[in-house]
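Source file: my_file_21.txt. Holds: compact mmCIF, C-alpha atoms.
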```
# COMPACT_ATOMS: atom_id res chain seq x y z
CA MET A 15 60.11 51.20 34.16
CA LYS A 16 58.68 53.87 36.42
CA ILE A 17 55.16 52.81 37.33
CA LEU A 18 52.51 54.65 39.33
CA LEU A 19 49.52 52.83 40.85
CA ILE A 20 46.61 55.06 41.85
CA ALA A 21 43.45 53.90 43.63
CA PRO A 22 40.49 55.33 45.56
CA CYS A 23 40.76 54.69 49.30
CA PHE A 24 38.47 54.82 52.34
CA GLY A 25 41.44 54.44 54.71
CA ALA A 26 40.95 50.79 55.64
CA TYR A 27 42.99 47.77 54.56
CA GLY A 28 40.31 46.48 52.20
CA GLY A 29 40.24 44.59 48.93
CA ILE A 30 41.58 47.30 46.61
CA GLU A 31 44.26 48.40 49.09
CA THR A 32 45.38 44.80 49.64
CA PHE A 33 45.71 44.15 45.93
CA VAL A 34 47.44 47.44 45.09
CA LEU A 35 50.05 47.00 47.83
CA ARG A 36 50.70 43.39 46.82
CA LEU A 37 51.06 44.40 43.17
CA ALA A 38 53.44 47.22 44.17
CA GLN A 39 55.56 44.72 46.06
CA GLN A 40 55.70 42.43 43.02
CA ILE A 41 56.68 45.32 40.73
CA HIS A 42 59.47 46.29 43.14
CA GLN A 43 60.73 42.70 43.25
CA LYS A 44 61.09 42.81 39.46
CA ASP A 45 63.43 45.83 39.82
CA HIS A 46 61.02 48.49 38.58
CA GLU A 47 60.36 51.78 40.34
CA VAL A 48 56.87 52.02 41.81
CA VAL A 49 54.82 54.70 43.54
CA VAL A 50 51.39 54.11 45.08
CA VAL A 51 48.88 56.95 45.38
CA PHE A 52 45.79 56.37 47.51
CA LYS A 53 43.23 59.03 46.62
CA LYS A 54 41.09 59.85 49.65
CA VAL A 55 37.36 59.53 49.01
CA LYS A 56 34.40 60.88 50.95
CA GLY A 57 34.33 59.32 54.41
CA PHE A 58 38.07 58.58 54.40
CA GLU A 59 39.39 57.54 57.82
CA LEU A 60 42.91 56.18 57.98
CA LYS A 61 43.02 52.92 59.93
CA LYS A 62 46.00 51.48 61.78
CA SER A 63 45.89 48.33 59.64
CA LEU A 64 46.49 50.29 56.42
CA VAL A 65 49.21 52.42 58.02
CA GLU A 66 51.09 49.30 59.13
CA LYS A 67 50.75 47.56 55.76
CA SER A 68 51.87 50.72 53.94
CA GLN A 69 54.96 51.03 56.15
CA GLU A 70 55.91 47.41 55.38
CA ASN A 71 55.71 47.98 51.62
CA PRO A 72 58.88 48.85 49.62
CA ALA A 73 56.97 51.30 47.39
CA GLU A 74 56.59 55.00 48.09
CA ILE A 75 53.04 55.43 49.45
CA ILE A 76 51.21 58.77 49.11
CA PHE A 77 47.78 59.63 50.54
CA MET A 78 46.23 62.44 48.53
CA ASN A 79 43.15 64.61 49.01
CA ARG A 80 42.75 65.86 45.45
CA PHE A 81 44.67 66.43 42.27
CA SER A 82 47.17 69.30 42.13
CA LEU A 83 50.09 70.53 40.06
CA LYS A 84 52.33 68.34 42.21
CA MET A 85 50.24 65.35 41.16
CA VAL A 86 50.49 66.32 37.49
CA ARG A 87 54.29 66.50 37.80
CA LEU A 88 54.30 63.09 39.48
CA LEU A 89 52.24 61.56 36.68
CA ARG A 90 54.50 63.04 34.01
CA GLN A 91 57.55 61.37 35.57
CA GLN A 92 56.12 57.89 34.95
CA ASP A 93 56.58 55.44 32.11
CA LEU A 94 53.13 54.02 32.84
CA VAL A 95 50.15 54.76 35.11
CA HIS A 96 47.81 52.03 36.34
CA THR A 97 44.53 53.36 37.75
CA HIS A 98 42.31 51.19 39.89
CA ASN A 99 38.83 52.00 38.66
CA PRO A 100 38.62 54.62 35.89
CA LEU A 101 39.76 57.64 37.90
CA ILE A 102 38.66 60.50 35.70
CA GLU A 103 41.26 63.16 36.55
CA ALA A 104 44.24 60.79 36.33
CA ILE A 105 43.17 59.28 33.01
CA PHE A 106 42.43 62.65 31.40
CA ILE A 107 45.80 64.07 32.54
CA CYS A 108 47.55 61.01 31.09
CA ARG A 109 45.62 61.51 27.87
CA ILE A 110 46.66 65.16 27.61
CA PHE A 111 50.35 64.43 28.20
CA GLN A 112 50.36 61.12 26.29
CA ILE A 113 51.33 59.04 29.30
CA PRO A 114 50.49 55.34 28.84
CA VAL A 115 47.59 54.52 31.15
CA VAL A 116 45.83 51.23 31.95
CA THR A 117 43.01 50.49 34.36
CA THR A 118 41.58 47.72 36.49
CA ILE A 119 37.83 48.02 36.91
CA TYR A 120 36.38 46.62 40.12
CA ASN A 121 32.71 47.65 39.95
CA TRP A 122 29.90 46.77 37.58
CA CYS A 123 28.77 49.60 35.32
CA ARG A 124 25.71 51.57 36.42
CA ARG A 125 23.86 52.41 33.22
CA ASP A 126 22.44 55.80 34.12
CA PHE A 127 23.02 59.22 32.64
CA SER A 128 24.24 61.16 35.67
CA VAL A 129 27.48 62.99 35.01
CA ARG A 130 30.01 60.87 36.90
CA PRO A 131 29.08 57.42 35.47
CA VAL A 132 29.13 58.90 31.97
CA LEU A 133 32.60 60.37 32.59
CA TRP A 134 33.78 56.99 33.94
CA ARG A 135 32.73 55.33 30.69
CA ILE A 136 34.44 58.04 28.63
CA ALA A 137 37.62 57.77 30.72
CA ASN A 138 37.67 54.01 30.27
CA HIS A 139 37.76 54.47 26.47
CA PHE A 140 40.97 56.51 26.84
CA THR A 141 42.93 53.70 28.52
CA LEU A 142 45.26 51.40 26.60
CA ARG A 143 44.19 48.32 28.57
CA SER A 144 41.02 47.69 30.57
CA TRP A 145 41.08 44.73 32.95
CA TYR A 146 37.80 43.70 34.58
CA ILE A 147 37.83 41.67 37.77
CA SER A 148 35.08 39.29 36.63
CA GLU A 149 33.05 38.29 33.59
CA PHE A 150 30.06 39.85 35.34
CA VAL A 151 31.80 43.25 35.58
CA TRP A 152 33.14 42.95 32.03
CA ASP A 153 29.68 42.24 30.61
CA SER A 154 28.26 45.30 32.34
CA TRP A 155 30.86 47.62 30.74
CA GLU A 156 31.11 45.99 27.32
CA PRO A 157 27.74 44.27 26.85
CA ARG A 158 27.85 43.95 23.07
CA ASN A 159 31.33 44.01 21.58
CA ARG A 160 34.36 43.39 23.76
CA CYS A 161 37.45 45.43 22.94
CA LYS A 162 40.62 43.67 21.85
CA THR A 163 42.49 45.57 24.59
CA SER A 164 40.16 44.29 27.33
CA ASP A 165 40.42 41.14 29.45
CA ARG A 166 39.23 39.53 32.67
CA LEU A 167 41.85 39.59 35.41
CA PRO A 168 40.65 38.87 38.96
CA ILE A 169 42.43 40.85 41.67
CA ILE A 170 44.23 38.00 43.37
CA SER A 171 46.94 39.08 45.82
CA GLU A 172 47.75 36.22 48.19
CA LEU A 173 45.64 33.08 48.39
CA PRO A 174 45.71 30.85 51.49
CA ASP A 175 47.73 27.69 51.03
CA GLY A 176 48.27 24.40 52.82
CA PHE A 177 45.75 21.69 53.59
CA THR A 178 43.85 20.76 56.74
CA PRO A 179 42.71 17.11 56.89
CA LEU A 180 38.95 16.88 56.44
CA SER A 181 38.50 15.21 59.81
CA GLU A 182 40.12 18.20 61.57
CA ARG A 183 37.92 20.87 59.97
CA LYS A 184 34.99 22.34 61.80
CA GLY A 185 32.06 24.68 61.24
CA PHE A 186 31.33 27.63 58.98
CA VAL A 187 33.42 30.76 58.36
CA PHE A 188 32.30 34.17 57.06
CA VAL A 189 34.95 36.66 55.88
CA SER A 190 33.97 40.12 54.70
CA ARG A 191 33.84 43.80 55.44
CA TRP A 192 30.78 44.24 57.67
CA ILE A 193 28.64 46.48 55.51
CA GLU A 194 25.12 46.40 54.11
CA ASN A 195 24.11 43.66 51.69
CA LYS A 196 27.13 41.41 52.33
CA GLY A 197 24.75 38.95 53.99
CA LEU A 198 25.96 39.23 57.59
CA ARG A 199 22.56 39.84 59.20
CA LEU A 200 21.05 37.21 56.91
CA LEU A 201 23.65 34.64 57.91
CA ILE A 202 23.18 35.18 61.65
CA GLN A 203 19.42 34.84 61.29
CA ALA A 204 19.70 31.73 59.10
CA TYR A 205 22.24 30.14 61.44
CA ARG A 206 20.06 30.70 64.52
CA THR A 207 17.07 29.04 62.88
CA ALA A 208 18.92 26.17 61.19
CA GLU A 209 18.37 22.68 62.61
CA ILE A 210 22.02 21.84 63.17
CA ASN A 211 24.11 20.98 66.22
CA PRO A 212 25.85 24.28 67.11
CA ARG A 213 28.56 22.43 69.07
CA ASP A 214 29.61 20.53 65.94
CA TRP A 215 28.89 23.44 63.62
CA PRO A 216 30.19 26.72 65.10
CA LEU A 217 30.12 29.92 63.04
CA THR A 218 33.16 32.20 62.88
CA LEU A 219 32.64 35.80 61.75
CA ILE A 220 35.82 37.51 60.53
CA GLY A 221 36.01 41.18 59.64
CA ASP A 222 35.08 44.66 60.75
CA GLY A 223 32.98 47.54 59.54
CA PRO A 224 29.97 49.79 60.15
CA LEU A 225 27.67 46.91 61.17
CA LYS A 226 29.94 45.68 63.97
CA GLU A 227 28.28 47.68 66.76
CA GLU A 228 24.83 46.49 65.67
CA VAL A 229 25.92 42.84 65.51
CA LEU A 230 27.62 42.97 68.91
CA GLU A 231 24.52 44.53 70.46
CA ASP A 232 22.30 41.86 68.90
CA LEU A 233 24.50 39.04 70.18
CA GLU A 234 24.59 40.60 73.63
CA LYS A 235 20.79 40.66 73.74
CA ASN A 236 20.43 37.23 72.16
CA PRO A 237 23.59 35.28 73.06
CA CYS A 238 24.77 32.46 70.84
CA LYS A 239 27.83 30.70 72.23
CA SER A 240 28.59 28.94 68.96
CA ILE A 241 29.15 32.25 67.13
CA GLU A 242 32.69 33.60 67.42
CA ILE A 243 33.62 37.14 66.38
CA THR A 244 37.33 37.66 65.67
CA GLY A 245 37.36 41.28 64.50
CA PHE A 246 40.31 42.30 62.33
CA ILE A 247 43.01 39.62 62.45
CA SER A 248 46.35 39.06 60.73
CA SER A 249 46.48 37.52 57.26
CA GLU A 250 48.15 34.44 58.72
CA GLU A 251 45.40 33.81 61.26
CA ARG A 252 42.71 34.63 58.72
CA ASN A 253 44.11 32.09 56.26
CA MET A 254 44.45 29.48 59.01
CA ARG A 255 40.80 29.91 60.00
CA ILE A 256 39.67 29.59 56.38
CA ARG A 257 41.76 26.45 55.96
CA ASN A 258 40.36 24.90 59.17
CA ALA A 259 36.69 25.53 58.38
CA LYS A 260 34.48 22.96 56.70
CA TRP A 261 32.59 25.57 54.69
CA MET A 262 33.09 29.16 53.59
CA VAL A 263 29.77 31.07 53.60
CA THR A 264 29.49 34.02 51.18
CA PRO A 265 25.84 35.19 50.91
CA PRO A 266 25.73 38.77 49.52
CA ASN A 267 22.70 40.39 47.94
CA THR A 268 24.43 43.33 46.26
CA LYS A 269 25.41 42.33 42.68
CA GLU A 270 28.81 41.33 44.04
CA ASP A 271 31.52 42.41 41.60
CA LEU A 272 33.82 39.41 42.14
CA GLY A 273 33.59 37.52 45.41
CA LEU A 274 37.18 36.86 46.44
CA THR A 275 36.57 34.73 49.53
CA PRO A 276 35.28 31.70 47.58
CA LEU A 277 38.50 31.73 45.55
CA GLU A 278 40.51 31.86 48.78
CA ALA A 279 38.57 28.95 50.24
CA ARG A 280 38.70 26.88 47.07
CA ASN A 281 42.50 27.21 46.95
CA VAL A 282 42.69 25.20 50.19
CA SER A 283 39.92 22.75 49.20
CA VAL A 284 37.28 24.32 51.43
CA PRO A 285 33.91 24.22 49.62
CA CYS A 286 31.54 27.19 49.70
CA ILE A 287 27.95 28.11 50.38
CA VAL A 288 27.37 30.95 47.93
CA SER A 289 24.47 33.15 46.86
CA LYS A 290 23.67 33.40 43.15
CA ASP A 291 24.76 37.02 43.06
CA GLY A 292 26.86 38.83 40.44
CA GLY A 293 30.43 37.58 40.11
CA LEU A 294 29.91 34.91 42.76
CA ILE A 295 28.26 32.75 40.11
CA GLU A 296 31.75 32.50 38.57
CA THR A 297 33.93 32.36 41.67
CA GLY A 298 31.81 29.86 43.61
CA GLY A 299 32.74 27.23 41.07
CA LYS A 300 32.02 23.54 41.21
CA GLY A 301 31.50 21.93 44.58
CA SER A 302 29.42 24.82 45.97
CA ILE A 303 26.02 24.78 47.60
CA TRP A 304 23.93 27.63 46.20
CA CYS A 305 21.31 29.82 47.85
CA GLU A 306 19.08 32.66 46.68
CA PRO A 307 20.32 36.21 47.45
CA GLY A 308 18.51 37.87 50.33
CA LYS A 309 16.47 34.78 51.25
CA VAL A 310 16.90 33.62 54.86
CA GLU A 311 15.09 30.34 54.25
CA SER A 312 17.29 29.50 51.26
CA LEU A 313 20.49 30.16 53.21
CA ARG A 314 19.17 28.21 56.20
CA ASP A 315 18.45 25.23 53.93
CA ALA A 316 21.98 25.47 52.50
CA LEU A 317 23.52 25.42 56.00
CA GLU A 318 21.41 22.39 56.92
CA GLN A 319 22.37 20.61 53.68
CA ALA A 320 26.06 21.21 54.33
CA ALA A 321 25.81 19.96 57.93
CA SER A 322 23.95 16.79 56.90
CA LEU A 323 26.48 15.52 54.35
CA SER A 324 28.19 12.20 54.95
CA GLU A 325 31.97 12.07 55.17
CA ASN A 326 32.24 10.70 51.62
CA ALA A 327 29.85 13.30 50.22
CA TYR A 328 31.80 16.12 51.87
CA ARG A 329 35.04 14.68 50.52
CA ALA A 330 33.59 14.87 47.01
CA PHE A 331 32.63 18.53 47.50
CA ALA A 332 36.13 19.36 48.83
CA LYS A 333 37.78 17.68 45.85
CA GLN A 334 35.47 19.22 43.27
CA THR A 335 35.79 22.77 44.59
CA GLN A 336 39.35 23.15 43.28
CA GLU A 337 38.40 22.17 39.74
CA GLY A 338 38.78 25.01 37.25
CA LEU A 339 40.51 27.30 39.76
CA GLY A 340 43.79 27.39 37.84
CA PHE A 341 41.96 28.58 34.73
CA TYR A 342 40.29 31.44 36.58
CA ILE A 343 43.22 33.04 38.40
CA SER A 344 46.47 34.49 37.05
CA SER A 345 49.90 35.32 38.44
CA LEU A 346 50.69 38.96 39.27
CA ASP A 347 53.53 38.75 36.76
CA ILE A 348 50.96 39.03 33.97
CA TYR A 349 50.53 42.71 34.86
CA ILE A 350 54.24 43.42 34.50
CA SER A 351 54.26 41.61 31.16
CA GLU A 352 51.32 43.74 30.00
CA TYR A 353 53.02 46.93 31.23
CA ARG A 354 56.03 46.13 29.05
CA LYS A 355 53.80 45.54 26.02
CA VAL A 356 51.96 48.82 26.51
CA VAL A 357 55.16 50.83 26.94
CA SER A 358 56.81 49.19 23.92
CA GLU A 359 53.71 49.89 21.79
CA ARG A 360 54.01 53.60 22.64
CA MET A 361 57.70 53.84 21.78
CA PRO A 362 58.66 55.46 18.45
CA LYS A 363 59.26 52.93 15.67
```

Could you take the file, read its structure, and then write that structure out as structure tokens?
Amino acid sequence: MKILLIAPCFGAYGGIETFVLRLAQQIHQKDHEVVVVFKKVKGFELKKSLVEKSQENPAEIIFMNRFSLKMVRLLRQQDLVHTHNPLIEAIFICRIFQIPVVTTIYNWCRRDFSVRPVLWRIANHFTLRSWYISEFVWDSWEPRNRCKTSDRLPIISELPDGFTPLSERKGFVFVSRWIENKGLRLLIQAYRTAEINPRDWPLTLIGDGPLKEEVLEDLEKNPCKSIEITGFISSEERNMRIRNAKWMVTPPNTKEDLGLTPLEARNVSVPCIVSKDGGLIETGGKGSIWCEPGKVESLRDALEQAASLSENAYRAFAKQTQEGLGFYISSLDIYISEYRKVVSERMPK
């Protein structure tokens, strides 16, 4: 098959970009032809991390400003097009030229009547498969009757593996893009006020983003030696730091669409402190300590609860956190299997 993956892109190596490139690699390994188109969105700024990851990938990678006749010709050469989010132009072109098109939807559906959200909902009806990254997102798009061609498929690319003995783990880890409502400011404030021993319970902040300058300035004015900032790090180091932490902390207040970091932590038996926010209610799973979104006191209490657990109690949390994980995640091969079904359904009888 000739398969084209197309996704919106801000230029950084974020969640969508990570998944699309990993899926492209898997498609290539199965001996199919694959092209990746990253459609530049407002505010696009190409980062070194995405350049490097794109160069490592066996797929042809194209960065595109807008649709053109060249793009139409590229779409028409494909056996199947997989859009990431319901990209209006791509789906409508595929509809006109009867090109099989499927979509993965990452964001919950805003129920307003402005033009673009309405067009997104219309475009989604034109796809042959709609895969939602969480039950929360699925419910927002199909609140009453779910389509037979829809399903929940979380965007899992590469989960950390291995196991760090419980006695060798230490502290809390936060992994996210540093943007509004991901809970970064909240976490720093809760951590500073929590009655815990900072030497035994350090906090590691992994990631980068618009809030970095503000956070660095705050920590310069109000130093906290037990907070470590790593910035952008390799996948290997990131996974090692997750595996070596006692707790993953994921405290957004933004109707989080999925919440990937709890799944990553749970795969290596690291339990999570999670806010009751959007898709996190699913991905936090058993063995989590829950806090209220946007509430400093609730997050502070959760940090203190985690730090006060006995060795046996923590062991129970670490064991329980993996329960149900196999049911929730799927292999990337499921996409290739679905591609084949869609293409075969479109073939003349």

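Shortest separation to Leu88 in chain A among A:Thr264, A:Gly299, A:Arg143, A:Ile76 occurs at residue A:Ile76, atoms counted being only C-alpha atoms.
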
Atom-to-atom span, CA of Ile350 in chain A and CA of Arg87 in chain A, Å |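 Straight-line distance from CA of Ile350 in chain A to CA of Arg87 in chain A works out to 23.3 Å.
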
Could the residues of range 84-161 of chain A that have an atom at most 12 Å from range 274-283 of chain A be listed as a Markdown table, each with its closest atom pair and the distance in Å to one decimal, counting all atoms listed in the file and ordered by chain and ascending residue number?
```
| residue | atom | partner | partner_atom | distance |
| --- | --- | --- | --- | --- |
| A:Tyr120 | CA | A:Leu274 | CA | 11.7 |
| A:Ile147 | CA | A:Leu274 | CA | 9.9 |
| A:Ser148 | CA | A:Leu274 | CA | 10.3 |
```

I'd like the neighbourhood of Gly308 in chain A as a compact mmCIF listing (two decimals) with C-alpha atoms, keeping the file's coordinate frame, where a residue qualifies if any of its atoms comes within 12 Å (using all atoms listed in the file), though same-chain residues fewer than 4 positions away should be ignored.
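The resulting file, out27.txt, is shown below:
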```
# COMPACT_ATOMS: atom_id res chain seq x y z
CA GLU A 194 25.12 46.40 54.11
CA ASN A 195 24.11 43.66 51.69
CA LYS A 196 27.13 41.41 52.33
CA GLY A 197 24.75 38.95 53.99
CA LEU A 198 25.96 39.23 57.59
CA ARG A 199 22.56 39.84 59.20
CA LEU A 200 21.05 37.21 56.91
CA LEU A 201 23.65 34.64 57.91
CA GLN A 203 19.42 34.84 61.29
CA ALA A 204 19.70 31.73 59.10
CA THR A 264 29.49 34.02 51.18
CA PRO A 265 25.84 35.19 50.91
CA PRO A 266 25.73 38.77 49.52
CA ASN A 267 22.70 40.39 47.94
CA THR A 268 24.43 43.33 46.26
CA LYS A 269 25.41 42.33 42.68
CA VAL A 288 27.37 30.95 47.93
CA SER A 289 24.47 33.15 46.86
CA LYS A 290 23.67 33.40 43.15
CA ASP A 291 24.76 37.02 43.06
CA SER A 312 17.29 29.50 51.26
CA LEU A 313 20.49 30.16 53.21
CA ARG A 314 19.17 28.21 56.20
```

For range 25-40 of chain A, list every protein, DNA or RNA residue within 8 Å, evaluated using all atoms listed in the file, and leave out those in the same chain fewer than 4 positions away; present the list as number ranges by chain.
-> A: 19, 21, 44, 48-50, 54, 58-64, 67-68, 71-73, 98, 169-172, 191, 346-347

Keeping only C-alpha atoms, write those residues as a PDB file, keeping the file's coordinate frame.
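What ended up in result.pdb:
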```
ATOM      1  CA  LEU A  19      49.520  52.830  40.850  1.00  0.00           C
ATOM      2  CA  ALA A  21      43.450  53.900  43.630  1.00  0.00           C
ATOM      3  CA  LYS A  44      61.090  42.810  39.460  1.00  0.00           C
ATOM      4  CA  VAL A  48      56.870  52.020  41.810  1.00  0.00           C
ATOM      5  CA  VAL A  49      54.820  54.700  43.540  1.00  0.00           C
ATOM      6  CA  VAL A  50      51.390  54.110  45.080  1.00  0.00           C
ATOM      7  CA  LYS A  54      41.090  59.850  49.650  1.00  0.00           C
ATOM      8  CA  PHE A  58      38.070  58.580  54.400  1.00  0.00           C
ATOM      9  CA  GLU A  59      39.390  57.540  57.820  1.00  0.00           C
ATOM     10  CA  LEU A  60      42.910  56.180  57.980  1.00  0.00           C
ATOM     11  CA  LYS A  61      43.020  52.920  59.930  1.00  0.00           C
ATOM     12  CA  LYS A  62      46.000  51.480  61.780  1.00  0.00           C
ATOM     13  CA  SER A  63      45.890  48.330  59.640  1.00  0.00           C
ATOM     14  CA  LEU A  64      46.490  50.290  56.420  1.00  0.00           C
ATOM     15  CA  LYS A  67      50.750  47.560  55.760  1.00  0.00           C
ATOM     16  CA  SER A  68      51.870  50.720  53.940  1.00  0.00           C
ATOM     17  CA  ASN A  71      55.710  47.980  51.620  1.00  0.00           C
ATOM     18  CA  PRO A  72      58.880  48.850  49.620  1.00  0.00           C
ATOM     19  CA  ALA A  73      56.970  51.300  47.390  1.00  0.00           C
ATOM     20  CA  HIS A  98      42.310  51.190  39.890  1.00  0.00           C
ATOM     21  CA  ILE A 169      42.430  40.850  41.670  1.00  0.00           C
ATOM     22  CA  ILE A 170      44.230  38.000  43.370  1.00  0.00           C
ATOM     23  CA  SER A 171      46.940  39.080  45.820  1.00  0.00           C
ATOM     24  CA  GLU A 172      47.750  36.220  48.190  1.00  0.00           C
ATOM     25  CA  ARG A 191      33.840  43.800  55.440  1.00  0.00           C
ATOM     26  CA  LEU A 346      50.690  38.960  39.270  1.00  0.00           C
ATOM     27  CA  ASP A 347      53.530  38.750  36.760  1.00  0.00           C
TER      28      ASP A 347
END
```

With all atoms of range 40-48 of chain A from the file as input, state the centre and edge lengths in Å to one decimal of the axis-aligned box that has 5 Å extra on each side, as JSON.
```
{"center_x": 59.6, "center_y": 47.2, "center_z": 40.9, "size_x": 17.7, "size_y": 19.6, "size_z": 14.7}
```

By how many Å are CA of Thr297 in chain A and CA of Glu270 in chain A apart?
->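 According to the coordinates, CA of Thr297 in chain A and CA of Glu270 in chain A are separated by 10.6 Å.
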
Shell of 12 Å around Ser322 in chain A, all atoms listed in the file, local chain residues under 2 positions omitted, as a short mmCIF file (atom, residue, chain, number, x, y, z; two decimals) with C-alpha atoms, in the coordinates of the input:
```
data_model
loop_
_atom_site.label_atom_id
_atom_site.label_comp_id
_atom_site.auth_asym_id
_atom_site.auth_seq_id
_atom_site.Cartn_x
_atom_site.Cartn_y
_atom_site.Cartn_z
CA ALA A 208 18.92 26.17 61.19
CA GLU A 209 18.37 22.68 62.61
CA ILE A 210 22.02 21.84 63.17
CA ASN A 211 24.11 20.98 66.22
CA ASP A 214 29.61 20.53 65.94
CA TRP A 215 28.89 23.44 63.62
CA ASP A 315 18.45 25.23 53.93
CA ALA A 316 21.98 25.47 52.50
CA LEU A 317 23.52 25.42 56.00
CA GLU A 318 21.41 22.39 56.92
CA GLN A 319 22.37 20.61 53.68
CA ALA A 320 26.06 21.21 54.33
CA SER A 324 28.19 12.20 54.95
CA GLU A 325 31.97 12.07 55.17
CA ASN A 326 32.24 10.70 51.62
CA ALA A 327 29.85 13.30 50.22
CA TYR A 328 31.80 16.12 51.87
#
```

Have a look at A:Gln69, A:Asn236, A:Ser164, A:Ser248 and name the one nearest to His139 in chain A; count only C-alpha atoms.
-> A:Ser164

To one decimal place, how far is CA of Gln43 in chain A from CA of Asn138 in chain A in Å?
->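 According to the coordinates, CA of Gln43 in chain A and CA of Asn138 in chain A are separated by 28.8 Å.
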
Counting all atoms listed in the file, figure out which residue out of A:Pro100, A:Gly293, A:Pro174, A:Pro224 gets nearest to Ser154 in chain A.
->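 For Ser154 in chain A, the nearest of the given residues is A:Gly293.
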
Return the single residue from A:Glu359, A:Phe106, A:Leu173, A:Gly298 that is closest to Gly338 in chain A, with distances computed using all atoms listed in the file.
-> A:Gly298

Pick from A:Ser181, A:Thr218, A:Gln334, A:Ser345, whichever lies nearest to Glu242 in chain A using all atoms listed in the file |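 Distance minimum relative to Glu242 in chain A lands on A:Thr218.
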
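Distances from A:Gln91, A:Ser144, A:Asn99, A:Gln336 to Val116 in chain A were compared using all atoms listed in the file, and the smallest one belongs to A:Ser144.
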
Within 10 Å of file point (47.9, 58.7, 46.3), counting all atoms listed in the file, expressed as a VMD selection string | chain A and resid 18 to 23 49 to 54 74 to 81 85

Neighbour list for Pro131 in chain A as an MDAnalysis selection string, cut-off 12 Å, all atoms listed in the file, skip fewer than 4 positions in-chain = chainID A and resid 99:102 121:127 135:138 155

Once N, CA and C atoms are restored for range 335-349 of chain A, what would the output be as a compact mmCIF listing (two decimals), in the frame of the given file?
```txt
# COMPACT_ATOMS: atom_id res chain seq x y z
N THR A 335 35.75 21.31 44.50
CA THR A 335 35.79 22.77 44.59
C THR A 335 37.06 23.39 43.98
N GLN A 336 38.12 22.62 43.88
CA GLN A 336 39.35 23.15 43.28
C GLN A 336 39.36 23.09 41.77
N GLU A 337 38.42 22.35 41.18
CA GLU A 337 38.40 22.17 39.74
C GLU A 337 38.15 23.50 39.02
N GLY A 338 38.94 23.80 38.03
CA GLY A 338 38.78 25.01 37.25
C GLY A 338 39.41 26.25 37.87
N LEU A 339 39.96 26.13 39.08
CA LEU A 339 40.51 27.30 39.76
C LEU A 339 41.74 27.85 39.04
N GLY A 340 42.59 26.96 38.55
CA GLY A 340 43.79 27.39 37.84
C GLY A 340 43.49 28.17 36.58
N PHE A 341 42.36 27.85 35.94
CA PHE A 341 41.96 28.58 34.73
C PHE A 341 41.50 29.99 35.07
N TYR A 342 40.91 30.16 36.26
CA TYR A 342 40.29 31.44 36.58
C TYR A 342 41.28 32.48 37.08
N ILE A 343 42.31 32.08 37.79
CA ILE A 343 43.22 33.04 38.40
C ILE A 343 44.54 33.13 37.62
N SER A 344 45.22 34.25 37.77
CA SER A 344 46.47 34.49 37.05
C SER A 344 47.54 35.01 38.01
N SER A 345 48.78 34.80 37.66
CA SER A 345 49.90 35.32 38.44
C SER A 345 49.98 36.83 38.29
N LEU A 346 50.49 37.51 39.34
CA LEU A 346 50.69 38.96 39.27
C LEU A 346 51.68 39.35 38.18
N ASP A 347 52.54 38.45 37.79
CA ASP A 347 53.53 38.75 36.76
C ASP A 347 52.88 39.11 35.43
N ILE A 348 51.63 38.71 35.23
CA ILE A 348 50.96 39.03 33.97
C ILE A 348 50.80 40.54 33.81
N TYR A 349 50.65 41.26 34.93
CA TYR A 349 50.53 42.71 34.86
C TYR A 349 51.83 43.34 34.36
```
